[in-house]
Structure formats: C-alpha cells, structure tokens
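Report on one structure; see the data block that follows.
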Amino acid sequence: LHENADAPIIAMVTRLNSQKGLDLVERVLAEIMSTGAQMVVLGMGESKYEDLFNWAQWKYAGQLSATFQMNHELSHRIYAGADMFLMPSKTEPCGLSQMIASRYGAVPIVRETGGLYDSIRDCGWPEGGNGFTFAPYSAWELLGAVRRAEKMYTEQPEQWCALRHTAMTCDFTWNRSALQYIELYGELN
C-alpha cells in the first residue's frame, strides 16, 4: 500500500467464498475505493474471489493489497494495523474475527446476522455500540455502513477514538454470557 496517514485501512481476513458476503463487496468495490480508504485482504478460497482481488490489486495499485493464503501471524499483523474490519457475511453462526479485530482496535463493520449480531452493536444506536452494522443483505447497505465509518474516521476523530476504545474493551468472554443465563433463569423462577 502507498503510505497515506489520512486514509483509513479496511481489512478483511476471511475464507474467500460466497457465504462471507464477498458478492456484496464485489458489487460496490469501486465505490469503497472511491472513499479514499485502503483495503487489505488475506484469505484463500473460491477462484472467482481470488481473481477479483487479484484484478483489484492491479486496478487499485497502492490502495488495495491481497494475499492468498491462511497465515495466522500475518492475520494478527493485519488486525493490528487496520482501522476497520469488514465482515459482511451472509450467515455467521458465531464469528471470531470481529472479536479479534475489536481487541486490536480495528472497528468492525458487519452485517447483522448470527454471532455478528450478538457481538457487534451499531454505534448509532441510542445506547451506543462497538462498530457499524447493516441488516439487509444488500451491497448498498454495506456501502452505507462503510461510508458512515469512513466519515466518522475522517471528520470526527474524537468520536472515532472513543468508538475504537469501546471496541477494544468489549467483554466477549463466557463470563458475561454466563451471567446473562443466570439472570434469565432467575427471572423464570
């Protein structure tokens, strides 16, 4: 990537397949790149998505970087270096990547499904949140969430820092879930 301190870095560390929402990314990739953000992709999978990101590396040279492998060490370096983490999954029973990204300070941008819905709340909610979300499985909804994140990053740096801190300090442990189950059982008695 070209060195650009003003450009947010959006990361994707994922299996490259349809279930991960890459068809949505494909539809709006040009619009995402037009925000001025940079993108880093790490993963391997379906050849059509490897081809997409290979082409995108050429088209957006210096703005998009893709590595086609599963590399645990590199994935953690990407989480640590990213400002945002994109996870637009069609379905996601649990999801760990959004939690790892949060801990590293890469603010998640996720689709509200399964474990993503359970762990990431939109920062626009009245009670606050720890990332950016969108509900309908739509490329345009995904783009809207990316644009909201990019706008906060560039225009509201104090809010961005606060959101990043909130994401980094979220409790995703079973301790919290266990307490919620205890409270629920107590209410049923």
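Each chain of the structure tokens is named A, B, ... in the order shown, its residues numbered from 1; ligands are numbered from 1 in display order.
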
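Residue neighbourhood of Gln98 in chain A, excluding near-sequence residues (fewer than 3 positions): Val13, Tyr79, Phe85, Leu86, Met87, Cys94, Gly95, Ala101, Ser102, Arg103, Tyr104, Ala106, Val107, Pro108, Ile109, Val110, Gly115, Leu116, Ser119, Ile120, Gly131 and Ala167 of chain A, at 10 Å, using only C-alpha atoms.
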
Only all heavy atoms, please: the residues just picked out, written as a short mmCIF file (atom, residue, chain, number, x, y, z; two decimals), in the first residue's frame.
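The new file again37.cif reads:
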data_model
loop_
_atom_site.label_atom_id
_atom_site.label_comp_id
_atom_site.auth_asym_id
_atom_site.auth_seq_id
_atom_site.Cartn_x
_atom_site.Cartn_y
_atom_site.Cartn_z
N VAL A 13 -10.00 -10.45 6.73
CA VAL A 13 -9.27 -11.70 6.94
C VAL A 13 -10.35 -12.76 6.95
O VAL A 13 -11.15 -12.84 7.88
CB VAL A 13 -8.49 -11.69 8.27
CG1 VAL A 13 -7.82 -13.03 8.52
CG2 VAL A 13 -7.48 -10.55 8.30
N TYR A 79 -4.83 -7.29 11.58
CA TYR A 79 -5.78 -6.78 12.58
C TYR A 79 -5.19 -5.56 13.30
O TYR A 79 -5.86 -4.56 13.50
CB TYR A 79 -6.10 -7.84 13.64
CG TYR A 79 -6.94 -9.01 13.20
CD1 TYR A 79 -6.50 -10.31 13.39
CD2 TYR A 79 -8.19 -8.82 12.63
CE1 TYR A 79 -7.27 -11.39 13.02
CE2 TYR A 79 -8.98 -9.90 12.26
CZ TYR A 79 -8.51 -11.18 12.46
OH TYR A 79 -9.30 -12.25 12.09
N PHE A 85 -12.56 -3.26 10.20
CA PHE A 85 -12.58 -4.67 9.81
C PHE A 85 -13.93 -4.97 9.18
O PHE A 85 -14.97 -4.82 9.81
CB PHE A 85 -12.36 -5.57 11.03
CG PHE A 85 -12.23 -7.00 10.65
CD1 PHE A 85 -11.05 -7.48 10.10
CD2 PHE A 85 -13.28 -7.88 10.80
CE1 PHE A 85 -10.92 -8.80 9.72
CE2 PHE A 85 -13.17 -9.19 10.42
CZ PHE A 85 -11.99 -9.67 9.88
N LEU A 86 -13.91 -5.38 7.91
CA LEU A 86 -15.14 -5.61 7.15
C LEU A 86 -15.50 -7.09 7.17
O LEU A 86 -14.69 -7.94 6.79
CB LEU A 86 -14.94 -5.12 5.72
CG LEU A 86 -16.14 -5.22 4.78
CD1 LEU A 86 -17.33 -4.43 5.33
CD2 LEU A 86 -15.75 -4.70 3.40
N MET A 87 -16.74 -7.39 7.61
CA MET A 87 -17.22 -8.76 7.71
C MET A 87 -18.71 -8.79 7.33
O MET A 87 -19.58 -8.82 8.20
CB MET A 87 -17.00 -9.29 9.12
CG MET A 87 -17.02 -10.77 9.25
SD MET A 87 -16.40 -11.24 10.89
CE MET A 87 -16.69 -12.99 10.83
N CYS A 94 -21.25 -17.98 14.51
CA CYS A 94 -20.55 -17.43 15.68
C CYS A 94 -19.70 -16.24 15.26
O CYS A 94 -20.04 -15.11 15.53
CB CYS A 94 -19.67 -18.50 16.32
SG CYS A 94 -18.69 -17.85 17.69
N GLY A 95 -18.61 -16.51 14.62
CA GLY A 95 -17.70 -15.45 14.20
C GLY A 95 -16.74 -15.09 15.31
O GLY A 95 -17.16 -14.73 16.40
N ALA A 101 -10.64 -8.54 15.86
CA ALA A 101 -10.43 -7.20 15.31
C ALA A 101 -10.73 -6.13 16.36
O ALA A 101 -9.97 -5.16 16.50
CB ALA A 101 -11.31 -7.00 14.07
N SER A 102 -11.82 -6.31 17.08
CA SER A 102 -12.18 -5.34 18.13
C SER A 102 -11.07 -5.18 19.14
O SER A 102 -10.69 -4.06 19.50
CB SER A 102 -13.46 -5.79 18.84
OG SER A 102 -14.56 -5.74 17.98
N ARG A 103 -10.54 -6.29 19.59
CA ARG A 103 -9.49 -6.25 20.61
C ARG A 103 -8.26 -5.49 20.11
O ARG A 103 -7.60 -4.78 20.86
CB ARG A 103 -9.11 -7.68 21.01
CG ARG A 103 -8.11 -7.81 22.14
CD ARG A 103 -8.52 -7.11 23.43
NE ARG A 103 -9.82 -7.43 23.89
CZ ARG A 103 -10.13 -8.19 24.93
NH1 ARG A 103 -9.17 -8.73 25.63
NH2 ARG A 103 -11.37 -8.40 25.26
N TYR A 104 -7.98 -5.61 18.82
CA TYR A 104 -6.83 -4.90 18.23
C TYR A 104 -7.14 -3.45 17.89
O TYR A 104 -6.24 -2.71 17.50
CB TYR A 104 -6.37 -5.61 16.96
CG TYR A 104 -5.42 -6.76 17.22
CD1 TYR A 104 -5.86 -8.08 17.14
CD2 TYR A 104 -4.08 -6.54 17.50
CE1 TYR A 104 -5.00 -9.14 17.35
CE2 TYR A 104 -3.20 -7.59 17.71
CZ TYR A 104 -3.67 -8.89 17.64
OH TYR A 104 -2.81 -9.93 17.84
N ALA A 106 -9.40 -2.50 15.46
CA ALA A 106 -9.95 -2.40 14.11
C ALA A 106 -11.47 -2.45 14.25
O ALA A 106 -12.04 -3.50 14.54
CB ALA A 106 -9.45 -3.54 13.23
N VAL A 107 -12.12 -1.32 14.10
CA VAL A 107 -13.57 -1.22 14.35
C VAL A 107 -14.33 -2.07 13.34
O VAL A 107 -14.17 -1.90 12.13
CB VAL A 107 -14.02 0.25 14.29
CG1 VAL A 107 -15.52 0.37 14.43
CG2 VAL A 107 -13.31 1.07 15.37
N PRO A 108 -15.17 -3.00 13.82
CA PRO A 108 -15.89 -3.89 12.91
C PRO A 108 -17.00 -3.18 12.13
O PRO A 108 -17.71 -2.32 12.66
CB PRO A 108 -16.51 -4.93 13.85
CG PRO A 108 -15.75 -4.83 15.12
CD PRO A 108 -15.33 -3.40 15.22
N ILE A 109 -17.12 -3.58 10.88
CA ILE A 109 -18.26 -3.22 10.02
C ILE A 109 -18.85 -4.56 9.62
O ILE A 109 -18.24 -5.31 8.86
CB ILE A 109 -17.82 -2.43 8.78
CG1 ILE A 109 -17.05 -1.16 9.16
CG2 ILE A 109 -19.03 -2.09 7.90
CD1 ILE A 109 -16.36 -0.47 7.98
N VAL A 110 -20.04 -4.89 10.15
CA VAL A 110 -20.59 -6.23 9.97
C VAL A 110 -22.05 -6.20 9.56
O VAL A 110 -22.76 -5.21 9.79
CB VAL A 110 -20.46 -7.07 11.27
CG1 VAL A 110 -19.02 -7.14 11.75
CG2 VAL A 110 -21.35 -6.53 12.38
N GLY A 115 -23.80 -14.63 15.01
CA GLY A 115 -22.86 -14.17 16.03
C GLY A 115 -22.40 -12.74 15.83
O GLY A 115 -21.99 -12.08 16.79
N LEU A 116 -22.48 -12.24 14.60
CA LEU A 116 -22.12 -10.84 14.36
C LEU A 116 -23.14 -9.93 15.03
O LEU A 116 -22.79 -8.92 15.63
CB LEU A 116 -22.03 -10.55 12.86
CG LEU A 116 -21.02 -11.38 12.07
CD1 LEU A 116 -21.10 -11.05 10.59
CD2 LEU A 116 -19.62 -11.18 12.61
N SER A 119 -22.62 -9.88 18.83
CA SER A 119 -21.42 -9.29 19.41
C SER A 119 -21.15 -7.84 19.01
O SER A 119 -20.44 -7.14 19.73
CB SER A 119 -20.19 -10.13 19.03
OG SER A 119 -20.07 -10.24 17.62
N ILE A 120 -21.71 -7.38 17.89
CA ILE A 120 -21.42 -6.01 17.44
C ILE A 120 -22.72 -5.22 17.38
O ILE A 120 -23.69 -5.63 16.74
CB ILE A 120 -20.73 -6.01 16.05
CG1 ILE A 120 -19.47 -6.88 16.06
CG2 ILE A 120 -20.42 -4.58 15.61
CD1 ILE A 120 -18.39 -6.46 17.04
N GLY A 131 -19.29 -0.74 16.88
CA GLY A 131 -18.94 -0.88 15.47
C GLY A 131 -20.01 -0.29 14.58
O GLY A 131 -20.81 0.54 15.03
N ALA A 167 -14.67 -0.58 21.37
CA ALA A 167 -14.49 -1.87 20.71
C ALA A 167 -13.38 -2.68 21.37
O ALA A 167 -13.52 -3.88 21.61
CB ALA A 167 -14.18 -1.66 19.22
#

Skip range 30-47 of chain A itself and residues of its chain fewer than 3 positions away, then list as an mmCIF file with N, CA and C atoms, in the first residue's frame all residues within 8 Å of it, counting only C-alpha atoms.
data_model
loop_
_atom_site.group_PDB
_atom_site.id
_atom_site.type_symbol
_atom_site.label_atom_id
_atom_site.label_comp_id
_atom_site.auth_asym_id
_atom_site.auth_seq_id
_atom_site.Cartn_x
_atom_site.Cartn_y
_atom_site.Cartn_z
ATOM 1 N N LEU A 1 0.839 -1.188 0.000
ATOM 2 C CA LEU A 1 0.000 0.000 0.000
ATOM 3 C C LEU A 1 0.876 1.241 0.000
ATOM 4 N N ALA A 7 -5.583 8.018 5.165
ATOM 5 C CA ALA A 7 -6.505 7.018 4.632
ATOM 6 C C ALA A 7 -6.755 5.917 5.649
ATOM 7 N N PRO A 8 -8.013 5.654 5.957
ATOM 8 C CA PRO A 8 -8.298 4.512 6.829
ATOM 9 C C PRO A 8 -7.989 3.210 6.093
ATOM 10 N N ILE A 9 -7.550 2.221 6.844
ATOM 11 C CA ILE A 9 -7.277 0.904 6.277
ATOM 12 C C ILE A 9 -8.403 -0.042 6.689
ATOM 13 N N ILE A 10 -9.061 -0.601 5.684
ATOM 14 C CA ILE A 10 -10.130 -1.581 5.889
ATOM 15 C C ILE A 10 -9.532 -2.959 5.656
ATOM 16 N N ALA A 11 -9.683 -3.852 6.617
ATOM 17 C CA ALA A 11 -9.130 -5.203 6.495
ATOM 18 C C ALA A 11 -10.236 -6.234 6.340
ATOM 19 N N MET A 12 -9.898 -7.271 5.607
ATOM 20 C CA MET A 12 -10.727 -8.475 5.538
ATOM 21 C C MET A 12 -9.785 -9.662 5.695
ATOM 22 N N VAL A 13 -9.998 -10.453 6.732
ATOM 23 C CA VAL A 13 -9.273 -11.697 6.944
ATOM 24 C C VAL A 13 -10.349 -12.763 6.946
ATOM 25 N N THR A 14 -10.397 -13.565 5.863
ATOM 26 C CA THR A 14 -11.562 -14.423 5.692
ATOM 27 C C THR A 14 -11.307 -15.538 4.698
ATOM 28 N N ARG A 15 -12.168 -16.545 4.747
ATOM 29 C CA ARG A 15 -12.222 -17.505 3.651
ATOM 30 C C ARG A 15 -12.884 -16.779 2.491
ATOM 31 N N LEU A 16 -12.352 -16.941 1.309
ATOM 32 C CA LEU A 16 -12.898 -16.250 0.144
ATOM 33 C C LEU A 16 -13.985 -17.119 -0.485
ATOM 34 N N ASN A 17 -15.207 -16.967 0.060
ATOM 35 C CA ASN A 17 -16.341 -17.686 -0.518
ATOM 36 C C ASN A 17 -17.613 -16.879 -0.374
ATOM 37 N N ARG A 27 -19.792 -5.975 -5.742
ATOM 38 C CA ARG A 27 -20.705 -5.011 -6.362
ATOM 39 C C ARG A 27 -20.358 -3.558 -6.063
ATOM 40 N N GLU A 50 -10.566 -14.928 -5.590
ATOM 41 C CA GLU A 50 -9.128 -14.693 -5.727
ATOM 42 C C GLU A 50 -8.866 -13.883 -6.995
ATOM 43 N N ASP A 51 -9.568 -14.225 -8.079
ATOM 44 C CA ASP A 51 -9.436 -13.466 -9.330
ATOM 45 C C ASP A 51 -9.885 -12.016 -9.141
ATOM 46 N N PHE A 53 -9.869 -10.167 -6.378
ATOM 47 C CA PHE A 53 -8.920 -9.369 -5.611
ATOM 48 C C PHE A 53 -7.556 -9.259 -6.310
ATOM 49 N N TYR A 60 -6.368 -1.003 -8.381
ATOM 50 C CA TYR A 60 -6.187 -0.046 -7.291
ATOM 51 C C TYR A 60 -4.781 -0.206 -6.691
ATOM 52 N N GLN A 63 -3.469 0.990 -3.314
ATOM 53 C CA GLN A 63 -4.635 1.251 -2.464
ATOM 54 C C GLN A 63 -5.252 -0.046 -1.944
ATOM 55 N N LEU A 64 -5.023 -1.160 -2.634
ATOM 56 C CA LEU A 64 -5.572 -2.452 -2.219
ATOM 57 C C LEU A 64 -4.478 -3.503 -2.320
ATOM 58 N N SER A 65 -4.360 -4.309 -1.285
ATOM 59 C CA SER A 65 -3.383 -5.391 -1.249
ATOM 60 C C SER A 65 -4.097 -6.678 -0.871
ATOM 61 N N ALA A 66 -3.824 -7.749 -1.617
ATOM 62 C CA ALA A 66 -4.442 -9.044 -1.328
ATOM 63 C C ALA A 66 -3.367 -10.121 -1.259
ATOM 64 N N THR A 67 -3.470 -10.973 -0.257
ATOM 65 C CA THR A 67 -2.579 -12.104 -0.078
ATOM 66 C C THR A 67 -3.438 -13.349 0.034
ATOM 67 N N PHE A 68 -3.158 -14.342 -0.807
ATOM 68 C CA PHE A 68 -3.995 -15.537 -0.879
ATOM 69 C C PHE A 68 -3.328 -16.699 -0.164
ATOM 70 N N GLN A 69 -3.515 -16.712 1.137
ATOM 71 C CA GLN A 69 -3.019 -17.784 1.989
ATOM 72 C C GLN A 69 -3.698 -17.668 3.345
ATOM 73 N N MET A 70 -3.590 -18.711 4.117
ATOM 74 C CA MET A 70 -4.018 -18.651 5.508
ATOM 75 C C MET A 70 -2.732 -18.529 6.316
ATOM 76 N N SER A 75 -2.195 -12.527 9.811
ATOM 77 C CA SER A 75 -3.555 -12.068 10.138
ATOM 78 C C SER A 75 -3.548 -11.152 11.356
ATOM 79 N N ILE A 78 -2.280 -7.787 10.419
ATOM 80 C CA ILE A 78 -3.303 -7.035 9.688
ATOM 81 C C ILE A 78 -4.340 -6.468 10.653
ATOM 82 N N LEU A 143 -22.257 -0.607 1.648
ATOM 83 C CA LEU A 143 -21.574 0.626 1.281
ATOM 84 C C LEU A 143 -21.944 1.763 2.230
ATOM 85 N N VAL A 146 -19.935 1.351 5.374
ATOM 86 C CA VAL A 146 -18.536 1.724 5.147
ATOM 87 C C VAL A 146 -18.396 3.238 5.087
ATOM 88 N N ARG A 147 -19.320 3.891 4.397
ATOM 89 C CA ARG A 147 -19.248 5.356 4.291
ATOM 90 C C ARG A 147 -19.445 6.030 5.639
ATOM 91 N N GLU A 150 -16.128 5.580 7.466
ATOM 92 C CA GLU A 150 -15.096 6.444 6.881
ATOM 93 C C GLU A 150 -15.343 7.906 7.251
#

### Query
Do you know which residues are at most 9 Å from Asp122 in chain A counting only C-alpha atoms, after dropping those on the same chain fewer than 2 positions away, and could you put them as a PyMOL selection string?
chain A and resi 109+120+124-125+128-134

Take the residues from that selection and write them out as a short mmCIF file (atom, residue, chain, number, x, y, z; two decimals), in the first residue's frame, keeping N, CA and C atoms.
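Saved result, selection_7.cif, follows:
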data_model
loop_
_atom_site.label_atom_id
_atom_site.label_comp_id
_atom_site.auth_asym_id
_atom_site.auth_seq_id
_atom_site.Cartn_x
_atom_site.Cartn_y
_atom_site.Cartn_z
N ILE A 109 -17.12 -3.58 10.88
CA ILE A 109 -18.26 -3.22 10.02
C ILE A 109 -18.85 -4.56 9.62
N ILE A 120 -21.71 -7.38 17.89
CA ILE A 120 -21.42 -6.01 17.44
C ILE A 120 -22.72 -5.22 17.38
N GLY A 124 -24.51 3.96 16.15
CA GLY A 124 -25.59 4.93 16.02
C GLY A 124 -26.79 4.64 16.91
N TRP A 125 -26.79 3.50 17.59
CA TRP A 125 -27.90 3.16 18.48
C TRP A 125 -27.90 4.12 19.67
N GLY A 128 -25.54 3.37 22.30
CA GLY A 128 -24.15 3.27 21.85
C GLY A 128 -23.86 1.92 21.24
N GLY A 129 -22.64 1.74 20.81
CA GLY A 129 -22.26 0.49 20.19
C GLY A 129 -20.76 0.35 20.09
N ASN A 130 -20.34 -0.70 19.39
CA ASN A 130 -18.92 -1.00 19.28
C ASN A 130 -18.48 -1.22 17.83
N GLY A 131 -19.29 -0.74 16.88
CA GLY A 131 -18.94 -0.88 15.47
C GLY A 131 -20.01 -0.29 14.58
N PHE A 132 -20.01 -0.72 13.34
CA PHE A 132 -21.01 -0.29 12.35
C PHE A 132 -21.68 -1.53 11.80
N THR A 133 -23.00 -1.48 11.68
CA THR A 133 -23.74 -2.64 11.21
C THR A 133 -24.71 -2.26 10.10
N PHE A 134 -25.13 -3.27 9.35
CA PHE A 134 -26.22 -3.12 8.38
C PHE A 134 -26.99 -4.43 8.40
#

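Comparing A:Lys90, A:Leu96, A:Gly105, A:Gln57 by their smallest distance to Met168 in chain A, the closest is A:Gly105 (using only C-alpha atoms).
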
### Task
Using DSSP on the backbone coordinates, identify all residues within chain A classified as helix (DSSP H, G or I); present the result as a PyMOL selection string.
chain A and resi 18-20+22-34+47-59+72-81+97-104+114-119+139-155+157-168+174-188

### Query
Between A:Ile100, A:Asn4, A:Glu141, A:Leu163, which has the minimum distance to Ala80 in chain A (counting only C-alpha atoms)?
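Checking each of A:Ile100, A:Asn4, A:Glu141, A:Leu163 against Ala80 in chain A, counting only C-alpha atoms, the winner is A:Ile100.
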